[in-house]
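For reference, run.txt (compact mmCIF, C-alpha atoms):
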# COMPACT_ATOMS: atom_id res chain seq x y z
CA ALA A 222 -56.74 -69.26 3.66
CA GLN A 223 -54.72 -69.30 6.83
CA ARG A 224 -51.48 -67.41 6.75
CA VAL A 225 -48.91 -65.95 9.13
CA THR A 226 -46.70 -63.04 8.20
CA GLN A 227 -43.65 -61.68 9.98
CA PRO A 228 -42.57 -58.53 8.17
CA GLU A 229 -39.03 -58.35 9.53
CA LYS A 230 -36.47 -60.92 8.45
CA LEU A 231 -33.88 -59.42 10.77
CA LEU A 232 -34.25 -57.21 13.81
CA SER A 233 -31.25 -55.76 15.60
CA VAL A 234 -31.49 -54.01 18.95
CA PHE A 235 -29.04 -53.05 21.65
CA LYS A 236 -28.94 -54.81 24.99
CA GLY A 237 -31.40 -53.24 27.39
CA ALA A 238 -33.57 -51.78 24.63
CA PRO A 239 -37.20 -52.81 24.16
CA VAL A 240 -37.91 -55.30 21.43
CA GLU A 241 -41.07 -56.08 19.48
CA LEU A 242 -41.30 -58.84 16.92
CA LYS A 243 -44.33 -58.40 14.71
CA CYS A 244 -46.73 -61.13 13.69
CA ASN A 245 -49.94 -60.82 11.72
CA TYR A 246 -52.25 -63.60 10.70
CA SER A 247 -55.21 -64.32 8.51
CA TYR A 248 -57.67 -66.98 9.49
CA SER A 249 -61.41 -67.32 9.19
CA GLY A 250 -62.20 -68.26 12.72
CA SER A 251 -60.56 -68.12 16.11
CA PRO A 252 -57.07 -69.59 15.97
CA GLU A 253 -54.65 -70.18 18.76
CA LEU A 254 -51.37 -68.30 18.42
CA PHE A 255 -47.90 -69.39 19.41
CA TRP A 256 -44.32 -68.17 19.38
CA TYR A 257 -41.58 -70.72 18.77
CA VAL A 258 -37.89 -69.93 19.19
CA GLN A 259 -34.71 -71.51 17.87
CA TYR A 260 -31.50 -70.58 19.66
CA SER A 261 -28.17 -71.26 18.01
CA ARG A 262 -27.42 -75.00 17.91
CA GLN A 263 -30.66 -75.83 19.71
CA ARG A 264 -33.96 -77.29 18.65
CA LEU A 265 -36.97 -75.29 17.74
CA GLN A 266 -39.05 -75.01 20.90
CA LEU A 267 -42.21 -73.40 22.15
CA LEU A 268 -41.66 -70.00 23.75
CA LEU A 269 -45.20 -69.09 24.66
CA ARG A 270 -48.78 -69.54 23.58
CA HIS A 271 -51.67 -67.15 23.72
CA ILE A 272 -54.04 -69.40 25.62
CA SER A 273 -51.66 -69.61 28.58
CA ARG A 274 -51.34 -65.85 28.89
CA GLU A 275 -47.89 -66.37 30.29
CA SER A 276 -44.64 -64.48 30.35
CA ILE A 277 -41.62 -66.57 29.45
CA LYS A 278 -38.08 -65.22 29.78
CA GLY A 279 -39.61 -61.76 30.07
CA PHE A 280 -41.47 -62.06 26.77
CA THR A 281 -45.18 -61.43 26.43
CA ALA A 282 -47.53 -61.47 23.48
CA ASP A 283 -51.00 -60.03 23.21
CA LEU A 284 -53.56 -61.28 20.77
CA ASN A 285 -55.31 -58.40 19.02
CA LYS A 286 -58.20 -59.88 17.12
CA GLY A 287 -59.16 -56.55 15.59
CA GLU A 288 -55.75 -56.10 14.02
CA THR A 289 -55.19 -59.88 13.69
CA SER A 290 -51.82 -59.52 15.34
CA PHE A 291 -49.82 -61.38 17.96
CA HIS A 292 -46.70 -59.29 18.45
CA LEU A 293 -43.97 -60.54 20.79
CA LYS A 294 -42.55 -58.00 23.21
CA LYS A 295 -39.85 -57.69 25.81
CA PRO A 296 -39.08 -54.46 27.65
CA PHE A 297 -35.34 -55.01 28.05
CA ALA A 298 -33.57 -57.25 25.54
CA GLN A 299 -30.70 -59.48 26.62
CA GLU A 300 -27.90 -60.88 24.47
CA GLU A 301 -29.14 -64.41 25.14
CA ASP A 302 -32.41 -63.49 23.42
CA SER A 303 -30.63 -63.57 20.08
CA ALA A 304 -32.36 -66.31 18.12
CA MET A 305 -34.77 -67.09 15.31
CA TYR A 306 -38.39 -66.49 16.27
CA TYR A 307 -41.37 -68.04 14.50
CA CYS A 308 -44.96 -67.04 14.95
CA ALA A 309 -47.46 -69.85 14.38
CA LEU A 310 -51.17 -70.35 14.41
CA SER A 311 -53.28 -73.38 15.09
CA GLY A 312 -56.78 -73.68 13.76
CA HIS A 313 -59.62 -76.10 13.51
CA ASN A 314 -58.83 -77.25 9.98
CA TYR A 315 -58.31 -80.90 10.76
CA GLY A 316 -54.84 -82.10 10.09
CA GLN A 317 -53.24 -78.74 9.39
CA ASN A 318 -53.17 -77.39 12.84
CA PHE A 319 -49.99 -75.41 12.63
CA VAL A 320 -49.08 -72.72 10.13
CA PHE A 321 -45.74 -71.01 10.65
CA GLY A 322 -44.57 -67.58 9.64
CA PRO A 323 -41.26 -67.06 7.81
CA GLY A 324 -39.43 -66.15 10.98
CA THR A 325 -37.54 -63.14 12.32
CA ARG A 326 -33.94 -63.31 13.36
CA LEU A 327 -33.38 -61.21 16.47
CA SER A 328 -29.88 -59.98 17.11
CA VAL A 329 -29.22 -58.30 20.45
CA LEU A 330 -26.06 -56.26 20.31
CA PRO A 331 -23.87 -55.63 23.36
CA ASP B 203 -31.23 -86.11 25.13
CA GLY B 204 -34.52 -87.97 24.73
CA GLY B 205 -37.66 -86.91 22.99
CA ILE B 206 -37.33 -86.89 19.22
CA THR B 207 -34.28 -88.18 17.44
CA GLN B 208 -33.58 -87.42 13.80
CA SER B 209 -30.82 -89.05 11.79
CA PRO B 210 -28.61 -88.48 10.02
CA LYS B 211 -27.70 -84.89 10.81
CA TYR B 212 -26.39 -84.37 7.28
CA LEU B 213 -27.39 -86.28 4.16
CA PHE B 214 -26.32 -86.03 0.55
CA ARG B 215 -28.40 -87.20 -2.39
CA LYS B 216 -27.26 -88.04 -5.87
CA GLU B 217 -29.37 -87.44 -8.94
CA GLY B 218 -32.15 -90.00 -9.29
CA GLN B 219 -31.59 -91.39 -5.82
CA ASN B 220 -34.17 -91.90 -3.10
CA VAL B 221 -33.06 -91.12 0.43
CA THR B 222 -34.75 -91.78 3.75
CA LEU B 223 -34.66 -89.55 6.79
CA SER B 224 -35.25 -91.17 10.15
CA CYS B 225 -37.42 -89.82 12.96
CA GLU B 226 -37.95 -91.65 16.23
CA GLN B 227 -39.76 -90.43 19.36
CA ASN B 228 -40.03 -91.87 22.85
CA LEU B 229 -42.66 -89.43 24.10
CA ASN B 230 -45.57 -91.77 23.43
CA HIS B 231 -47.09 -89.13 21.18
CA ASP B 232 -49.79 -90.15 18.75
CA ALA B 233 -49.15 -87.43 16.18
CA MET B 234 -46.00 -86.94 14.14
CA TYR B 235 -45.15 -84.41 11.47
CA TRP B 236 -42.55 -83.63 8.85
CA TYR B 237 -41.72 -80.04 8.00
CA ARG B 238 -39.39 -78.56 5.44
CA GLN B 239 -37.53 -75.39 6.44
CA ASP B 240 -36.22 -73.09 3.73
CA PRO B 241 -34.62 -69.70 4.39
CA GLY B 242 -37.21 -66.94 4.44
CA GLN B 243 -40.13 -69.34 4.12
CA GLY B 244 -40.63 -70.67 7.59
CA LEU B 245 -41.77 -74.25 8.06
CA ARG B 246 -43.96 -75.99 5.52
CA LEU B 247 -45.83 -79.18 6.30
CA ILE B 248 -44.95 -82.19 4.16
CA TYR B 249 -46.85 -85.05 5.83
CA TYR B 250 -48.41 -85.78 9.17
CA SER B 251 -49.68 -88.88 10.92
CA GLN B 252 -52.15 -89.06 13.76
CA ILE B 253 -51.95 -92.78 14.38
CA VAL B 254 -50.11 -95.90 13.32
CA ASN B 255 -50.72 -96.94 9.72
CA ASP B 256 -52.35 -93.62 8.89
CA PHE B 257 -50.86 -90.48 7.38
CA GLN B 258 -52.05 -87.47 5.44
CA LYS B 259 -50.48 -85.12 2.92
CA GLY B 260 -49.53 -81.64 3.97
CA ASP B 261 -48.99 -78.58 1.81
CA ILE B 262 -45.96 -79.83 -0.12
CA ALA B 263 -46.21 -83.64 -0.24
CA GLU B 264 -45.24 -84.07 -3.90
CA GLY B 265 -41.97 -85.95 -4.25
CA TYR B 266 -42.08 -87.29 -0.70
CA SER B 267 -43.41 -90.44 0.92
CA VAL B 268 -43.80 -91.59 4.52
CA SER B 269 -44.76 -94.63 6.54
CA ARG B 270 -46.00 -95.12 10.09
CA GLU B 271 -45.61 -98.77 10.95
CA LYS B 272 -44.77 -98.08 14.58
CA LYS B 273 -45.96 -95.37 16.92
CA GLU B 274 -42.39 -94.34 17.63
CA SER B 275 -41.19 -94.04 14.06
CA PHE B 276 -42.14 -91.82 11.11
CA PRO B 277 -39.50 -92.02 8.36
CA LEU B 278 -39.57 -89.65 5.40
CA THR B 279 -38.36 -90.69 1.95
CA VAL B 280 -37.31 -88.01 -0.46
CA THR B 281 -37.82 -89.50 -3.87
CA SER B 282 -36.18 -88.68 -7.18
CA ALA B 283 -39.42 -86.91 -8.11
CA GLN B 284 -38.59 -84.13 -5.67
CA LYS B 285 -36.69 -81.76 -7.92
CA ASN B 286 -35.56 -79.32 -5.26
CA PRO B 287 -34.80 -81.42 -2.20
CA THR B 288 -32.05 -79.28 -0.69
CA ALA B 289 -33.48 -78.06 2.61
CA PHE B 290 -33.50 -78.54 6.35
CA TYR B 291 -36.03 -81.16 7.40
CA LEU B 292 -37.66 -81.10 10.80
CA CYS B 293 -39.64 -83.86 12.42
CA ALA B 294 -42.09 -83.01 15.19
CA SER B 295 -44.59 -84.74 17.41
CA SER B 296 -47.53 -83.89 19.63
CA TRP B 297 -50.04 -85.74 21.75
CA THR B 298 -52.77 -85.40 19.15
CA VAL B 299 -53.62 -83.64 15.94
CA ASP B 300 -57.11 -82.75 17.06
CA SER B 301 -56.46 -80.08 19.66
CA THR B 302 -55.66 -76.56 18.54
CA ASN B 303 -53.64 -75.97 21.66
CA GLU B 304 -51.15 -78.75 21.14
CA LYS B 305 -47.47 -78.02 21.68
CA LEU B 306 -45.09 -79.34 19.07
CA PHE B 307 -41.88 -81.06 20.09
CA PHE B 308 -39.16 -80.87 17.46
CA GLY B 309 -36.19 -82.96 16.52
CA SER B 310 -32.78 -81.46 15.80
CA GLY B 311 -33.24 -81.70 12.05
CA THR B 312 -31.56 -83.19 8.99
CA GLN B 313 -29.83 -81.07 6.37
CA LEU B 314 -30.29 -82.64 2.96
CA SER B 315 -28.11 -81.53 0.08
CA VAL B 316 -27.90 -82.61 -3.54
CA LEU B 317 -24.53 -83.67 -4.95

Rewrite the structure of this file - the entire thing - as C-alpha cells.
Amino acid sequence: AQRVTQPEKLLSVFKGAPVELKCNYSYSGSPELFWYVQYSRQRLQLLLRHISRESIKGFTADLNKGETSFHLKKPFAQEEDSAMYYCALSGHNYGQNFVFGPGTRLSVLP
Amino acid sequence: DGGITQSPKYLFRKEGQNVTLSCEQNLNHDAMYWYRQDPGQGLRLIYYSQIVNDFQKGDIAEGYSVSREKKESFPLTVTSAQKNPTAFYLCASSWTVDSTNEKLFFGSGTQLSVL
C-alpha cells in the first residue's frame, strides 16, 4: 500500500537556524514526490517536486530511494516560512495519483 | 483571484440534511478532485473525475456523491449517510489524472460543521 508519513506534527526553530522536515514513504514502485505548503489564510500550493530538482524559496528536497525518504531542508529559516507543510507522492495506480502525509506545522520563531 | 473557486466558505448541516459544496474552475483542466482535510490526518481523497460525466470513488467515498455535468464544475454532496461530516473540504484540479508528475491546483476550501 502507498503511504506517506511525516513524524513531526509541529516543528519549531529560531530564525536563521537550519530546518529539516521529515518525510518517509512506502510505495511498490517509483513514485514522484512533492512538497505542498499552506501559508496562513492562503491556499494549499505546490512548493517543489522531486522531478524538477529545483530550489524554491531556499528549500530543497532530496529523494533517497534506499531510505524511502524525501526530507525538506532549508539552511536558514525565515519567519515567513511558518506554514503547514505536506509531503505527497504520486504513483502509477490509476486514479489515485496523490497520497498526502499528515502534515507538519513549521513555526519559525524570531 | 481566478483558478478554482469553492463556495460557500462556511457551511452548516442539520441532522438528516444533505448539503452541496460547490467547486468551479476556469483553468480548462480535465481532472478534478475532492479531498477531506482533518487535523493530523492530511488530505484524504473522496472522489475524482478525469472527464465530463465520469467520476471515480476515492478512499473515503461513503456518504458522499458527486456529479460532473460540465468540465468547469464538480459539486460534492454530503449526504445524511455521512455520519462524521465535520471537516475542511478541498477541491483541486489538474490537467490530467494520468501523469504522475501533475501539479494540483487547490481551491480555498469549505469548512463544514454539523449543528

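Interatomic distance, CA of Arg238 (chain B) against CA of Ile262 (chain B): 8.7 Å.
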
Kindly provide the residues of chain B that approach chain A to within 10 Å, each paired with its closest atom pair and their distance in Å to one decimal, based on all atoms listed in the file, listed by chain and increasing number, as a tab-separated table.
residue	atom	partner	partner_atom	distance
B:Ala233	CA	A:Gly316	CA	9.9
B:Gln239	CA	A:Pro323	CA	9.2
B:Asp240	CA	A:Pro323	CA	8.9
B:Pro241	CA	A:Pro323	CA	7.9
B:Gly242	CA	A:Pro323	CA	5.3
B:Gln243	CA	A:Pro323	CA	4.5
B:Gly244	CA	A:Pro323	CA	3.7
B:Leu245	CA	A:Phe321	CA	5.7
B:Arg246	CA	A:Phe321	CA	7.4
B:Leu247	CA	A:Gln317	CA	8.0
B:Tyr249	CA	A:Gly316	CA	9.5
B:Tyr250	CA	A:Gly316	CA	7.5
B:Ser251	CA	A:Gly316	CA	8.6
B:Gln252	CA	A:Gly316	CA	8.3
B:Phe257	CA	A:Gly316	CA	9.7
B:Gln258	CA	A:Gly316	CA	7.6
B:Lys259	CA	A:Gly316	CA	8.9
B:Gly260	CA	A:Gln317	CA	7.2
B:Asp261	CA	A:Gln317	CA	8.7
B:Leu292	CA	A:Leu265	CA	9.1
B:Ala294	CA	A:Leu265	CA	9.6
B:Thr298	CA	A:Gly316	CA	9.9
B:Val299	CA	A:Gly316	CA	6.2
B:Asp300	CA	A:Tyr315	CA	6.7
B:Ser301	CA	A:His313	CA	8.0
B:Thr302	CA	A:Ser311	CA	5.3
B:Asn303	CA	A:Glu253	CA	6.6
B:Glu304	CA	A:Ser311	CA	8.4
B:Lys305	CA	A:Leu267	CA	7.0
B:Leu306	CA	A:Leu267	CA	7.3
B:Phe307	CA	A:Gln266	CA	6.7
B:Phe308	CA	A:Leu265	CA	6.0
B:Gly309	CA	A:Arg264	CA	6.5
B:Ser310	CA	A:Arg264	CA	5.2
B:Gly311	CA	A:Arg264	CA	8.0

* Structure fact -> Among A:Cys244, A:Val258, A:Leu327, A:Ala282, Lys294 (chain A) is approached most closely, using all atoms listed in the file, by A:Ala282

* Which distance in Å separates CA of Asn285 (chain A) and CA of Val329 (chain A), to one decimal? ->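 CA of Val329 (chain A) lies 26.1 Å from CA of Asn285 (chain A).
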
* Which one is closest to Ser209 (chain B): B:Leu317, B:Asn286, B:Phe276, B:His231? Count all atoms listed in the file. ->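 Nearest to Ser209 (chain B): B:Phe276.
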
* Mind pulling up the distance from CA of Gly265 (chain B) to CA of Cys225 (chain B)? ->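 Separating CA of Cys225 (chain B) from CA of Gly265 (chain B) is a distance of 18.2 Å.
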
What would region 286-300 of chain B look like if you wrote it out as a PDB file, in the first residue's frame, with all heavy atoms included, from the block I just posted?
ATOM      1  N   ASN B 286     -19.965  11.555  10.067  1.00  0.00           N
ATOM      2  CA  ASN B 286     -18.986  12.464  10.658  1.00  0.00           C
ATOM      3  C   ASN B 286     -18.545  13.480   9.617  1.00  0.00           C
ATOM      4  O   ASN B 286     -17.389  13.453   9.169  1.00  0.00           O
ATOM      5  CB  ASN B 286     -17.789  11.665  11.194  1.00  0.00           C
ATOM      6  CG  ASN B 286     -16.794  12.534  11.921  1.00  0.00           C
ATOM      7  OD1 ASN B 286     -17.140  13.601  12.417  1.00  0.00           O
ATOM      8  ND2 ASN B 286     -15.548  12.102  11.966  1.00  0.00           N
ATOM      9  N   PRO B 287     -19.423  14.376   9.222  1.00  0.00           N
ATOM     10  CA  PRO B 287     -19.114  15.256   8.102  1.00  0.00           C
ATOM     11  C   PRO B 287     -18.280  16.482   8.455  1.00  0.00           C
ATOM     12  O   PRO B 287     -17.783  17.154   7.552  1.00  0.00           O
ATOM     13  CB  PRO B 287     -20.495  15.689   7.619  1.00  0.00           C
ATOM     14  CG  PRO B 287     -21.328  15.679   8.858  1.00  0.00           C
ATOM     15  CD  PRO B 287     -20.809  14.536   9.685  1.00  0.00           C
ATOM     16  N   THR B 288     -18.135  16.772   9.735  1.00  0.00           N
ATOM     17  CA  THR B 288     -17.410  17.983  10.113  1.00  0.00           C
ATOM     18  C   THR B 288     -15.957  17.879   9.684  1.00  0.00           C
ATOM     19  O   THR B 288     -15.219  17.010  10.158  1.00  0.00           O
ATOM     20  CB  THR B 288     -17.497  18.211  11.623  1.00  0.00           C
ATOM     21  OG1 THR B 288     -18.860  18.420  11.977  1.00  0.00           O
ATOM     22  CG2 THR B 288     -16.668  19.413  12.036  1.00  0.00           C
ATOM     23  N   ALA B 289     -15.553  18.744   8.774  1.00  0.00           N
ATOM     24  CA  ALA B 289     -14.194  18.714   8.235  1.00  0.00           C
ATOM     25  C   ALA B 289     -14.017  19.904   7.307  1.00  0.00           C
ATOM     26  O   ALA B 289     -14.973  20.624   7.003  1.00  0.00           O
ATOM     27  CB  ALA B 289     -13.927  17.420   7.464  1.00  0.00           C
ATOM     28  N   PHE B 290     -12.800  20.065   6.857  1.00  0.00           N
ATOM     29  CA  PHE B 290     -12.459  21.067   5.853  1.00  0.00           C
ATOM     30  C   PHE B 290     -12.355  20.351   4.520  1.00  0.00           C
ATOM     31  O   PHE B 290     -11.626  19.367   4.403  1.00  0.00           O
ATOM     32  CB  PHE B 290     -11.141  21.728   6.245  1.00  0.00           C
ATOM     33  CG  PHE B 290     -10.810  22.961   5.464  1.00  0.00           C
ATOM     34  CD1 PHE B 290     -11.614  24.086   5.550  1.00  0.00           C
ATOM     35  CD2 PHE B 290      -9.684  23.011   4.663  1.00  0.00           C
ATOM     36  CE1 PHE B 290     -11.306  25.232   4.836  1.00  0.00           C
ATOM     37  CE2 PHE B 290      -9.363  24.153   3.940  1.00  0.00           C
ATOM     38  CZ  PHE B 290     -10.179  25.262   4.026  1.00  0.00           C
ATOM     39  N   TYR B 291     -13.102  20.832   3.527  1.00  0.00           N
ATOM     40  CA  TYR B 291     -13.155  20.155   2.237  1.00  0.00           C
ATOM     41  C   TYR B 291     -12.421  20.986   1.187  1.00  0.00           C
ATOM     42  O   TYR B 291     -12.685  22.171   1.016  1.00  0.00           O
ATOM     43  CB  TYR B 291     -14.610  19.928   1.812  1.00  0.00           C
ATOM     44  CG  TYR B 291     -15.311  18.921   2.679  1.00  0.00           C
ATOM     45  CD1 TYR B 291     -15.908  19.299   3.873  1.00  0.00           C
ATOM     46  CD2 TYR B 291     -15.347  17.574   2.319  1.00  0.00           C
ATOM     47  CE1 TYR B 291     -16.526  18.367   4.691  1.00  0.00           C
ATOM     48  CE2 TYR B 291     -15.973  16.636   3.125  1.00  0.00           C
ATOM     49  CZ  TYR B 291     -16.554  17.039   4.306  1.00  0.00           C
ATOM     50  OH  TYR B 291     -17.169  16.100   5.112  1.00  0.00           O
ATOM     51  N   LEU B 292     -11.532  20.322   0.500  1.00  0.00           N
ATOM     52  CA  LEU B 292     -10.730  20.975  -0.527  1.00  0.00           C
ATOM     53  C   LEU B 292     -11.011  20.379  -1.896  1.00  0.00           C
ATOM     54  O   LEU B 292     -11.020  19.160  -2.063  1.00  0.00           O
ATOM     55  CB  LEU B 292      -9.237  20.809  -0.221  1.00  0.00           C
ATOM     56  CG  LEU B 292      -8.640  21.729   0.831  1.00  0.00           C
ATOM     57  CD1 LEU B 292      -7.234  21.299   1.181  1.00  0.00           C
ATOM     58  CD2 LEU B 292      -8.643  23.175   0.349  1.00  0.00           C
ATOM     59  N   CYS B 293     -11.222  21.253  -2.839  1.00  0.00           N
ATOM     60  CA  CYS B 293     -11.372  20.857  -4.231  1.00  0.00           C
ATOM     61  C   CYS B 293     -10.056  21.164  -4.942  1.00  0.00           C
ATOM     62  O   CYS B 293      -9.377  22.150  -4.617  1.00  0.00           O
ATOM     63  CB  CYS B 293     -12.512  21.635  -4.876  1.00  0.00           C
ATOM     64  SG  CYS B 293     -12.822  21.240  -6.603  1.00  0.00           S
ATOM     65  N   ALA B 294      -9.686  20.328  -5.873  1.00  0.00           N
ATOM     66  CA  ALA B 294      -8.448  20.534  -6.621  1.00  0.00           C
ATOM     67  C   ALA B 294      -8.660  20.150  -8.075  1.00  0.00           C
ATOM     68  O   ALA B 294      -9.617  19.442  -8.415  1.00  0.00           O
ATOM     69  CB  ALA B 294      -7.303  19.715  -6.022  1.00  0.00           C
ATOM     70  N   SER B 295      -7.753  20.604  -8.914  1.00  0.00           N
ATOM     71  CA  SER B 295      -7.811  20.217 -10.316  1.00  0.00           C
ATOM     72  C   SER B 295      -6.411  20.052 -10.864  1.00  0.00           C
ATOM     73  O   SER B 295      -5.435  20.538 -10.285  1.00  0.00           O
ATOM     74  CB  SER B 295      -8.584  21.250 -11.141  1.00  0.00           C
ATOM     75  OG  SER B 295      -7.842  22.454 -11.264  1.00  0.00           O
ATOM     76  N   SER B 296      -6.312  19.327 -11.964  1.00  0.00           N
ATOM     77  CA  SER B 296      -5.043  19.175 -12.675  1.00  0.00           C
ATOM     78  C   SER B 296      -5.355  18.915 -14.138  1.00  0.00           C
ATOM     79  O   SER B 296      -6.495  18.620 -14.497  1.00  0.00           O
ATOM     80  CB  SER B 296      -4.205  18.030 -12.081  1.00  0.00           C
ATOM     81  OG  SER B 296      -4.839  16.777 -12.297  1.00  0.00           O
ATOM     82  N   TRP B 297      -4.319  19.009 -14.976  1.00  0.00           N
ATOM     83  CA  TRP B 297      -4.554  18.818 -16.398  1.00  0.00           C
ATOM     84  C   TRP B 297      -5.098  17.425 -16.680  1.00  0.00           C
ATOM     85  O   TRP B 297      -6.024  17.249 -17.451  1.00  0.00           O
ATOM     86  CB  TRP B 297      -3.267  19.065 -17.185  1.00  0.00           C
ATOM     87  CG  TRP B 297      -2.916  20.509 -17.264  1.00  0.00           C
ATOM     88  CD1 TRP B 297      -1.902  21.147 -16.618  1.00  0.00           C
ATOM     89  CD2 TRP B 297      -3.595  21.512 -18.025  1.00  0.00           C
ATOM     90  NE1 TRP B 297      -1.908  22.486 -16.925  1.00  0.00           N
ATOM     91  CE2 TRP B 297      -2.928  22.739 -17.786  1.00  0.00           C
ATOM     92  CE3 TRP B 297      -4.704  21.494 -18.881  1.00  0.00           C
ATOM     93  CZ2 TRP B 297      -3.329  23.938 -18.374  1.00  0.00           C
ATOM     94  CZ3 TRP B 297      -5.095  22.686 -19.472  1.00  0.00           C
ATOM     95  CH2 TRP B 297      -4.412  23.882 -19.220  1.00  0.00           C
ATOM     96  N   THR B 298      -4.486  16.421 -16.067  1.00  0.00           N
ATOM     97  CA  THR B 298      -4.961  15.054 -16.276  1.00  0.00           C
ATOM     98  C   THR B 298      -4.815  14.270 -14.993  1.00  0.00           C
ATOM     99  O   THR B 298      -4.222  14.739 -14.021  1.00  0.00           O
ATOM    100  CB  THR B 298      -4.146  14.317 -17.363  1.00  0.00           C
ATOM    101  OG1 THR B 298      -2.846  14.007 -16.820  1.00  0.00           O
ATOM    102  CG2 THR B 298      -4.000  15.132 -18.619  1.00  0.00           C
ATOM    103  N   VAL B 299      -5.340  13.090 -15.004  1.00  0.00           N
ATOM    104  CA  VAL B 299      -5.144  12.159 -13.893  1.00  0.00           C
ATOM    105  C   VAL B 299      -4.000  11.212 -14.209  1.00  0.00           C
ATOM    106  O   VAL B 299      -3.402  10.634 -13.335  1.00  0.00           O
ATOM    107  CB  VAL B 299      -6.440  11.355 -13.655  1.00  0.00           C
ATOM    108  CG1 VAL B 299      -6.212  10.207 -12.685  1.00  0.00           C
ATOM    109  CG2 VAL B 299      -7.530  12.270 -13.119  1.00  0.00           C
ATOM    110  N   ASP B 300      -3.695  11.072 -15.492  1.00  0.00           N
ATOM    111  CA  ASP B 300      -2.807  10.005 -15.927  1.00  0.00           C
ATOM    112  C   ASP B 300      -1.343  10.224 -15.563  1.00  0.00           C
ATOM    113  O   ASP B 300      -0.629   9.296 -15.272  1.00  0.00           O
ATOM    114  CB  ASP B 300      -2.895   9.837 -17.450  1.00  0.00           C
ATOM    115  CG  ASP B 300      -4.265   9.386 -17.893  1.00  0.00           C
ATOM    116  OD1 ASP B 300      -4.992   8.836 -17.047  1.00  0.00           O
ATOM    117  OD2 ASP B 300      -4.604   9.569 -19.059  1.00  0.00           O
TER     118      ASP B 300
END
